[in-house]
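Enquirer: After the structure tokens below, expect a handful of questions from me.
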Amino acid sequence: MNRPIREIFDPLEARDFSRQQREAFELGRAWLRAPDRQVFRLFGLAGAGKTTLARSLARLAPGRVSFGAPTGKAALRMRQTGCRGAMTLHAMLYTPKFHKDGSVSFVLNLVDGPTLDAALIVVDEASMVNDELTRALLSLGRPILALGDPAQLPPPDGAGALTDAEPDYFLTEIHRQAEGSPIIELARRVREGEAPRHGDWGGVRVIPRGVLGADEVLAFDAVIVGRNDTRSAMNRRLRAALGHGGSVPGVGEKIVCCRNDRTIGIFNGEVFHIRGLGRARARNTVKLDIVSEEGGAERSVLVRLEHFMGGALSVKERRASQHFEWGYAITCHKAQGSAWDRVLAYDESACFGEQASRWLYTAITRAREQITIVR
């Protein structure tokens, strides 16, 4: 006999669940009891409560649940919201194979991978999952609960295969905590094709170019741009405003991780501040003591200066150090899976053609409290 829905949710969750969330829960519960298809697609707009609903469904799985996301930063955010053991899909699915020439390849692990005995795999940020990862996930033959927002940018290396099909349920009602948010309202309008107009609406401000000085830009928690050329130029401008020159990072500077290293807990897209500098034996290498914007312990990393200078590195040289770049400004693709209180977005959506509205929607929904758009 099924338990009443109020006995399954945590008390606070039960009180706050919307009508749509309850409907989606009932469909998801029926699918878990008798899966008639491998993937249950639970889609929804920003602020609709997808993650909260997924946690409640995961409690009903008849065995161990594996949580995964396409990026290390998204996996970290899953763990922070109660999805224990969340990891990147790549780490979940592949095993590294090292070759004599120093190169490394990755082999799909169908022997002893962490998902082989999973009763349910929950995949967050499904719009970012490319075709290759989707095929690998499906090959496991396990039930998959895919959480996604099809209005967000697809992965740069292929369409979002998990969000390309019709959803089993699409959450459009904004959760109580986000209801009335000007950020969520702007995101909805952009998703429907409306272009933001200049003005100030409390948590949302849209301004023309040339208004903000470097000091004002530096006051934001994150600066999001579209093009790599813009990112490089903005990073140079902001470093200069802080008195930093050259290609050697300095204490207090902001850098972004560009490659996961699970052994020390750093993830692609995670932003760090430099606390200290040290010498390294390898040529053109610097030792950095860093702390994540998310908090946590100080870590030490070895970074090749070519990552900051733009020089080329061999496979062996890349493997011998971590990959970081300047983090004062980042692209919208790099920002996916992250969120900050105060965000500044330079609207370069026109560069993305048919994906223009998805680019802007993704940039807007990175902000928790305030978004300023320059256009």
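By convention here, the chains of the structure tokens are called A, B, ... in the order presented, each chain's residues are numbered starting at 1, and ligands are numbered starting at 1 in the order presented.
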Got a sec to tell me which of stretch 207-368 of chain A DSSP assigns to helix (DSSP H, G or I), as a VMD selection string?

Expert: chain A and resid 214 to 218 228 to 241 306 to 309 315 to 319 332 to 335 349 to 364

Enquirer: Mind dumping the selected residues with N, CA and C atoms as a tab-separated table (two decimals), in the first residue's frame?

Expert:
```tsv
chain	number	residue	atom	x	y	z
A	214	ALA	N	35.63	50.23	-13.69
A	214	ALA	CA	36.23	48.98	-13.27
A	214	ALA	C	35.95	48.68	-11.80
A	215	ASP	N	36.00	49.70	-10.94
A	215	ASP	CA	35.74	49.49	-9.52
A	215	ASP	C	34.32	48.97	-9.28
A	216	GLU	N	33.37	49.49	-10.06
A	216	GLU	CA	31.98	49.03	-9.91
A	216	GLU	C	31.83	47.59	-10.41
A	217	VAL	N	32.52	47.25	-11.49
A	217	VAL	CA	32.47	45.88	-12.00
A	217	VAL	C	33.05	44.91	-10.97
A	218	LEU	N	34.14	45.30	-10.33
A	218	LEU	CA	34.79	44.42	-9.35
A	218	LEU	C	33.93	44.19	-8.11
A	228	ASN	N	35.13	34.38	-25.65
A	228	ASN	CA	36.42	34.25	-24.99
A	228	ASN	C	37.27	35.50	-25.16
A	229	ASP	N	37.15	36.17	-26.31
A	229	ASP	CA	37.89	37.42	-26.50
A	229	ASP	C	37.46	38.47	-25.48
A	230	THR	N	36.16	38.55	-25.22
A	230	THR	CA	35.66	39.48	-24.21
A	230	THR	C	36.16	39.10	-22.83
A	231	ARG	N	36.15	37.80	-22.55
A	231	ARG	CA	36.63	37.32	-21.25
A	231	ARG	C	38.09	37.73	-21.03
A	232	SER	N	38.94	37.50	-22.03
A	232	SER	CA	40.36	37.84	-21.90
A	232	SER	C	40.55	39.34	-21.70
A	233	ALA	N	39.84	40.14	-22.49
A	233	ALA	CA	39.97	41.59	-22.38
A	233	ALA	C	39.48	42.09	-21.02
A	234	MET	N	38.37	41.53	-20.55
A	234	MET	CA	37.82	41.96	-19.26
A	234	MET	C	38.75	41.56	-18.12
A	235	ASN	N	39.33	40.38	-18.19
A	235	ASN	CA	40.26	39.96	-17.15
A	235	ASN	C	41.49	40.86	-17.11
A	236	ARG	N	41.99	41.25	-18.28
A	236	ARG	CA	43.14	42.18	-18.31
A	236	ARG	C	42.76	43.53	-17.69
A	237	ARG	N	41.58	44.03	-18.06
A	237	ARG	CA	41.13	45.33	-17.55
A	237	ARG	C	40.98	45.30	-16.03
A	238	LEU	N	40.37	44.26	-15.50
A	238	LEU	CA	40.11	44.20	-14.06
A	238	LEU	C	41.39	43.95	-13.28
A	239	ARG	N	42.29	43.14	-13.82
A	239	ARG	CA	43.59	42.95	-13.15
A	239	ARG	C	44.35	44.26	-13.09
A	240	ALA	N	44.34	45.01	-14.18
A	240	ALA	CA	45.04	46.28	-14.21
A	240	ALA	C	44.45	47.26	-13.19
A	241	ALA	N	43.12	47.25	-13.06
A	241	ALA	CA	42.47	48.15	-12.11
A	241	ALA	C	42.87	47.84	-10.67
A	306	GLU	N	51.81	29.07	-18.55
A	306	GLU	CA	51.23	29.14	-19.90
A	306	GLU	C	49.71	29.26	-19.87
A	307	HIS	N	49.07	28.72	-18.81
A	307	HIS	CA	47.62	28.84	-18.71
A	307	HIS	C	47.19	30.30	-18.57
A	308	PHE	N	48.02	31.12	-17.97
A	308	PHE	CA	47.71	32.54	-17.82
A	308	PHE	C	48.27	33.37	-18.97
A	309	MET	N	49.31	32.85	-19.63
A	309	MET	CA	49.95	33.58	-20.72
A	309	MET	C	49.34	33.25	-22.08
A	315	VAL	N	50.85	17.19	-23.79
A	315	VAL	CA	49.97	16.36	-22.95
A	315	VAL	C	50.64	16.07	-21.62
A	316	LYS	N	51.92	15.74	-21.66
A	316	LYS	CA	52.66	15.43	-20.44
A	316	LYS	C	52.74	16.64	-19.52
A	317	GLU	N	52.98	17.82	-20.08
A	317	GLU	CA	53.05	19.04	-19.28
A	317	GLU	C	51.70	19.38	-18.67
A	318	ARG	N	50.62	19.16	-19.42
A	318	ARG	CA	49.28	19.44	-18.86
A	318	ARG	C	48.97	18.50	-17.70
A	319	ARG	N	49.37	17.23	-17.82
A	319	ARG	CA	49.09	16.26	-16.76
A	319	ARG	C	49.87	16.55	-15.49
A	332	CYS	N	29.55	32.29	-20.03
A	332	CYS	CA	28.28	31.75	-19.53
A	332	CYS	C	28.32	30.22	-19.49
A	333	HIS	N	29.00	29.60	-20.46
A	333	HIS	CA	29.13	28.15	-20.44
A	333	HIS	C	29.87	27.70	-19.19
A	334	LYS	N	30.94	28.41	-18.82
A	334	LYS	CA	31.70	28.07	-17.62
A	334	LYS	C	30.87	28.30	-16.36
A	335	ALA	N	29.96	29.26	-16.40
A	335	ALA	CA	29.15	29.60	-15.23
A	335	ALA	C	28.02	28.62	-14.98
A	349	SER	N	24.49	37.81	-26.22
A	349	SER	CA	23.63	36.73	-26.70
A	349	SER	C	23.51	36.70	-28.22
A	350	ALA	N	23.63	37.87	-28.87
A	350	ALA	CA	23.49	37.92	-30.33
A	350	ALA	C	24.54	37.07	-31.03
A	351	CYS	N	25.66	36.80	-30.36
A	351	CYS	CA	26.72	35.97	-30.96
A	351	CYS	C	26.31	34.51	-31.07
A	352	PHE	N	25.22	34.14	-30.42
A	352	PHE	CA	24.85	32.73	-30.32
A	352	PHE	C	23.66	32.35	-31.20
A	353	GLY	N	23.29	33.22	-32.13
A	353	GLY	CA	22.28	32.88	-33.12
A	353	GLY	C	20.98	32.39	-32.53
A	354	GLU	N	20.59	31.17	-32.91
A	354	GLU	CA	19.33	30.60	-32.45
A	354	GLU	C	19.32	30.34	-30.94
A	355	GLN	N	20.51	30.29	-30.34
A	355	GLN	CA	20.60	30.04	-28.91
A	355	GLN	C	20.65	31.33	-28.10
A	356	ALA	N	20.37	32.47	-28.72
A	356	ALA	CA	20.52	33.77	-28.05
A	356	ALA	C	19.70	33.86	-26.77
A	357	SER	N	18.43	33.52	-26.84
A	357	SER	CA	17.58	33.65	-25.65
A	357	SER	C	18.00	32.65	-24.57
A	358	ARG	N	18.50	31.48	-24.98
A	358	ARG	CA	18.96	30.49	-24.00
A	358	ARG	C	20.22	30.98	-23.31
A	359	TRP	N	21.09	31.68	-24.07
A	359	TRP	CA	22.29	32.23	-23.45
A	359	TRP	C	21.91	33.23	-22.37
A	360	LEU	N	21.02	34.17	-22.72
A	360	LEU	CA	20.64	35.21	-21.77
A	360	LEU	C	19.89	34.64	-20.58
A	361	TYR	N	19.01	33.69	-20.82
A	361	TYR	CA	18.27	33.03	-19.74
A	361	TYR	C	19.24	32.36	-18.77
A	362	THR	N	20.23	31.67	-19.31
A	362	THR	CA	21.21	30.98	-18.46
A	362	THR	C	21.99	31.98	-17.62
A	363	ALA	N	22.42	33.09	-18.23
A	363	ALA	CA	23.16	34.11	-17.49
A	363	ALA	C	22.31	34.70	-16.37
A	364	ILE	N	21.06	34.99	-16.66
A	364	ILE	CA	20.18	35.60	-15.66
A	364	ILE	C	19.98	34.67	-14.46
```

Enquirer: Let's see if you can do this: from backbone DSSP, list all strand (DSSP E) residues in stretch 98-236 of chain A, as a list of chain:residue names.

Expert: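 Put together, the selection reads A:Phe98, A:Val104, A:Ser105, A:Phe106, A:Val107, A:Leu108, A:Leu120, A:Ile121, A:Val122, A:Val123, A:Ile144, A:Leu145, A:Ala146, A:Leu147, A:Gly148, A:Tyr169, A:Phe170, A:Leu171, A:Gly199, A:Asp200, A:Val204, A:Arg205, A:Val206, A:Ile207, A:Ala222, A:Val223, A:Ile224, A:Val225.
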
Enquirer: May I have the residues from that selection written out with N, CA and C atoms, as a PDB file, in the first residue's frame?

Expert:
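In the end it all went to result.pdb:
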```pdb
ATOM      1  N   PHE A  98      46.175   4.864 -18.789  1.00  0.00           N
ATOM      2  CA  PHE A  98      47.396   5.613 -19.051  1.00  0.00           C
ATOM      3  C   PHE A  98      48.278   4.859 -20.043  1.00  0.00           C
ATOM      4  N   VAL A 104      46.567   9.882 -21.956  1.00  0.00           N
ATOM      5  CA  VAL A 104      45.565   9.153 -21.180  1.00  0.00           C
ATOM      6  C   VAL A 104      44.265   9.095 -21.974  1.00  0.00           C
ATOM      7  N   SER A 105      43.619   7.947 -21.932  1.00  0.00           N
ATOM      8  CA  SER A 105      42.298   7.802 -22.540  1.00  0.00           C
ATOM      9  C   SER A 105      41.336   7.309 -21.467  1.00  0.00           C
ATOM     10  N   PHE A 106      40.060   7.373 -21.773  1.00  0.00           N
ATOM     11  CA  PHE A 106      39.052   6.984 -20.782  1.00  0.00           C
ATOM     12  C   PHE A 106      38.167   5.886 -21.373  1.00  0.00           C
ATOM     13  N   VAL A 107      37.980   4.831 -20.566  1.00  0.00           N
ATOM     14  CA  VAL A 107      37.254   3.647 -21.009  1.00  0.00           C
ATOM     15  C   VAL A 107      35.981   3.504 -20.182  1.00  0.00           C
ATOM     16  N   LEU A 108      34.878   3.254 -20.867  1.00  0.00           N
ATOM     17  CA  LEU A 108      33.606   3.052 -20.172  1.00  0.00           C
ATOM     18  C   LEU A 108      33.719   1.863 -19.226  1.00  0.00           C
ATOM     19  N   LEU A 120      18.730   3.634  -8.785  1.00  0.00           N
ATOM     20  CA  LEU A 120      18.292   4.854  -9.460  1.00  0.00           C
ATOM     21  C   LEU A 120      19.508   5.754  -9.659  1.00  0.00           C
ATOM     22  N   ILE A 121      19.600   6.371 -10.837  1.00  0.00           N
ATOM     23  CA  ILE A 121      20.618   7.387 -11.104  1.00  0.00           C
ATOM     24  C   ILE A 121      19.896   8.717 -11.299  1.00  0.00           C
ATOM     25  N   VAL A 122      20.248   9.710 -10.471  1.00  0.00           N
ATOM     26  CA  VAL A 122      19.666  11.048 -10.589  1.00  0.00           C
ATOM     27  C   VAL A 122      20.687  11.952 -11.275  1.00  0.00           C
ATOM     28  N   VAL A 123      20.304  12.540 -12.402  1.00  0.00           N
ATOM     29  CA  VAL A 123      21.201  13.395 -13.186  1.00  0.00           C
ATOM     30  C   VAL A 123      20.671  14.822 -13.153  1.00  0.00           C
ATOM     31  N   ILE A 144      16.871   6.182 -14.778  1.00  0.00           N
ATOM     32  CA  ILE A 144      17.510   7.492 -14.711  1.00  0.00           C
ATOM     33  C   ILE A 144      16.439   8.560 -14.498  1.00  0.00           C
ATOM     34  N   LEU A 145      16.600   9.348 -13.447  1.00  0.00           N
ATOM     35  CA  LEU A 145      15.756  10.510 -13.216  1.00  0.00           C
ATOM     36  C   LEU A 145      16.544  11.724 -13.683  1.00  0.00           C
ATOM     37  N   ALA A 146      16.133  12.321 -14.801  1.00  0.00           N
ATOM     38  CA  ALA A 146      16.855  13.438 -15.420  1.00  0.00           C
ATOM     39  C   ALA A 146      16.181  14.749 -15.060  1.00  0.00           C
ATOM     40  N   LEU A 147      16.939  15.645 -14.400  1.00  0.00           N
ATOM     41  CA  LEU A 147      16.447  16.959 -14.021  1.00  0.00           C
ATOM     42  C   LEU A 147      17.028  17.990 -14.971  1.00  0.00           C
ATOM     43  N   GLY A 148      16.192  18.819 -15.547  1.00  0.00           N
ATOM     44  CA  GLY A 148      16.736  19.769 -16.504  1.00  0.00           C
ATOM     45  C   GLY A 148      15.848  20.963 -16.729  1.00  0.00           C
ATOM     46  N   TYR A 169       7.162  15.402 -16.985  1.00  0.00           N
ATOM     47  CA  TYR A 169       6.455  16.490 -16.304  1.00  0.00           C
ATOM     48  C   TYR A 169       7.307  17.735 -16.406  1.00  0.00           C
ATOM     49  N   PHE A 170       6.641  18.879 -16.636  1.00  0.00           N
ATOM     50  CA  PHE A 170       7.339  20.160 -16.740  1.00  0.00           C
ATOM     51  C   PHE A 170       6.787  21.095 -15.671  1.00  0.00           C
ATOM     52  N   LEU A 171       7.640  21.482 -14.723  1.00  0.00           N
ATOM     53  CA  LEU A 171       7.247  22.373 -13.638  1.00  0.00           C
ATOM     54  C   LEU A 171       7.340  23.826 -14.103  1.00  0.00           C
ATOM     55  N   GLY A 199      16.313  49.768 -17.429  1.00  0.00           N
ATOM     56  CA  GLY A 199      15.537  50.168 -16.268  1.00  0.00           C
ATOM     57  C   GLY A 199      16.055  49.500 -15.015  1.00  0.00           C
ATOM     58  N   ASP A 200      15.435  49.833 -13.890  1.00  0.00           N
ATOM     59  CA  ASP A 200      15.833  49.297 -12.582  1.00  0.00           C
ATOM     60  C   ASP A 200      14.584  48.794 -11.869  1.00  0.00           C
ATOM     61  N   VAL A 204      16.730  43.564 -10.347  1.00  0.00           N
ATOM     62  CA  VAL A 204      17.100  43.509 -11.763  1.00  0.00           C
ATOM     63  C   VAL A 204      17.406  44.914 -12.259  1.00  0.00           C
ATOM     64  N   ARG A 205      18.554  45.048 -12.916  1.00  0.00           N
ATOM     65  CA  ARG A 205      18.912  46.332 -13.517  1.00  0.00           C
ATOM     66  C   ARG A 205      19.458  46.069 -14.910  1.00  0.00           C
ATOM     67  N   VAL A 206      18.991  46.824 -15.904  1.00  0.00           N
ATOM     68  CA  VAL A 206      19.463  46.704 -17.286  1.00  0.00           C
ATOM     69  C   VAL A 206      19.992  48.071 -17.697  1.00  0.00           C
ATOM     70  N   ILE A 207      21.281  48.122 -18.062  1.00  0.00           N
ATOM     71  CA  ILE A 207      21.938  49.403 -18.329  1.00  0.00           C
ATOM     72  C   ILE A 207      22.688  49.347 -19.652  1.00  0.00           C
ATOM     73  N   ALA A 222      30.218  37.893  -9.547  1.00  0.00           N
ATOM     74  CA  ALA A 222      30.587  37.205 -10.790  1.00  0.00           C
ATOM     75  C   ALA A 222      30.309  38.111 -11.973  1.00  0.00           C
ATOM     76  N   VAL A 223      31.201  38.040 -12.958  1.00  0.00           N
ATOM     77  CA  VAL A 223      31.037  38.772 -14.218  1.00  0.00           C
ATOM     78  C   VAL A 223      30.959  37.744 -15.334  1.00  0.00           C
ATOM     79  N   ILE A 224      29.842  37.729 -16.058  1.00  0.00           N
ATOM     80  CA  ILE A 224      29.592  36.720 -17.083  1.00  0.00           C
ATOM     81  C   ILE A 224      29.590  37.379 -18.457  1.00  0.00           C
ATOM     82  N   VAL A 225      30.314  36.771 -19.384  1.00  0.00           N
ATOM     83  CA  VAL A 225      30.378  37.274 -20.764  1.00  0.00           C
ATOM     84  C   VAL A 225      30.093  36.109 -21.711  1.00  0.00           C
TER      85      VAL A 225
END
```

Enquirer: Could you tell me how far atom CA of A:Arg191 sits from atom CA of A:Thr134, in Å to one decimal place?

Expert: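 Interatomic distance here is 25.2 Å.
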
Enquirer: Select, from A:Ile183, A:Ala329, A:Ala219, A:Leu45, the residue with the minimum atom-to-atom distance to A:Pro150, counting only C-alpha atoms.

Expert: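 Counting only C-alpha atoms, the residue closest to A:Pro150 is A:Leu45.
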
Enquirer: If you take only C-alpha atoms and a cut-off of 12 Å, which residues of stretch 143-248 of chain A touch stretch 280-299 of chain A, and what are their nearest atom pairs and distances in Å to one decimal, in chain and number order, as a tab-separated table?

Expert:
```
residue	atom	partner	partner_atom	distance
A:Asp221	CA	A:Glu293	CA	9.5
A:Ala222	CA	A:Glu293	CA	10.7
A:Ser247	CA	A:Asn284	CA	10.6
A:Val248	CA	A:Val286	CA	8.1
```

Enquirer: Can those selected residues be exported to a file as a JSON list (two decimals), in the first residue's frame so that it contains C-alpha atoms?

Expert:
```json
[["chain", "number", "residue", "atom", "x", "y", "z"],
["A", 221, "ASP", "CA", 30.39, 38.43, -7.19],
["A", 222, "ALA", "CA", 30.59, 37.20, -10.79],
["A", 247, "SER", "CA", 51.41, 36.81, -16.29],
["A", 248, "VAL", "CA", 52.34, 35.68, -12.76]]
```

Enquirer: If we count only C-alpha atoms, what is near A:Phe67 at a cut-off of 10 Å, once residues fewer than 6 positions away on the same chain are taken out, given as a list in words?

Expert: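 The filter keeps Ala58, Ala75, Met78, Arg79, Cys83, Arg84, Gly85, Ala86, Met87, Thr88, Leu89, Met92, Thr115, Ala118, Leu120, Ile121, Val122, Val123, Asp124, Ile144 and Leu145 of chain A.
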
Enquirer: Could you check which of A:Leu110, A:Ile274, A:Val65, A:Ala91 is closest to A:Gly252, using only C-alpha atoms?

Expert: A:Ile274

Enquirer: When distances are computed from only C-alpha atoms, which of A:His323, A:Arg375, A:Lys97, A:Lys50 shows the smallest separation from A:Ala195?

Expert: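 Closest to A:Ala195, using only C-alpha atoms: A:Arg375.
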
Enquirer: Can you tell me, as a list in words, what residues are no more than 12 Å from A:Trp201 when counting only C-alpha atoms, ignoring any on the same chain fewer than 5 positions away?

Expert: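 So the residues in contact are Gly180, Ser181, Pro182, Ile183, Glu185, Leu186, Pro196, Val206, Ile207, Gln370, Ile371, Thr372 and Ile373 of chain A.
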
Enquirer: Extract, using only C-alpha atoms, all DNA, RNA and protein residues at most 7 Å from A:Asp149, discarding same-chain residues fewer than 2 positions from it, and format them as a ChimeraX atom specification.

Expert: /A:43-45,127,151-152

Enquirer: May I ask for the distance between atom CA of A:Arg227 and atom CA of A:Glu348, given in Å to one decimal place?

Expert: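 Separation of atom CA of A:Arg227 and atom CA of A:Glu348: 7.3 Å.
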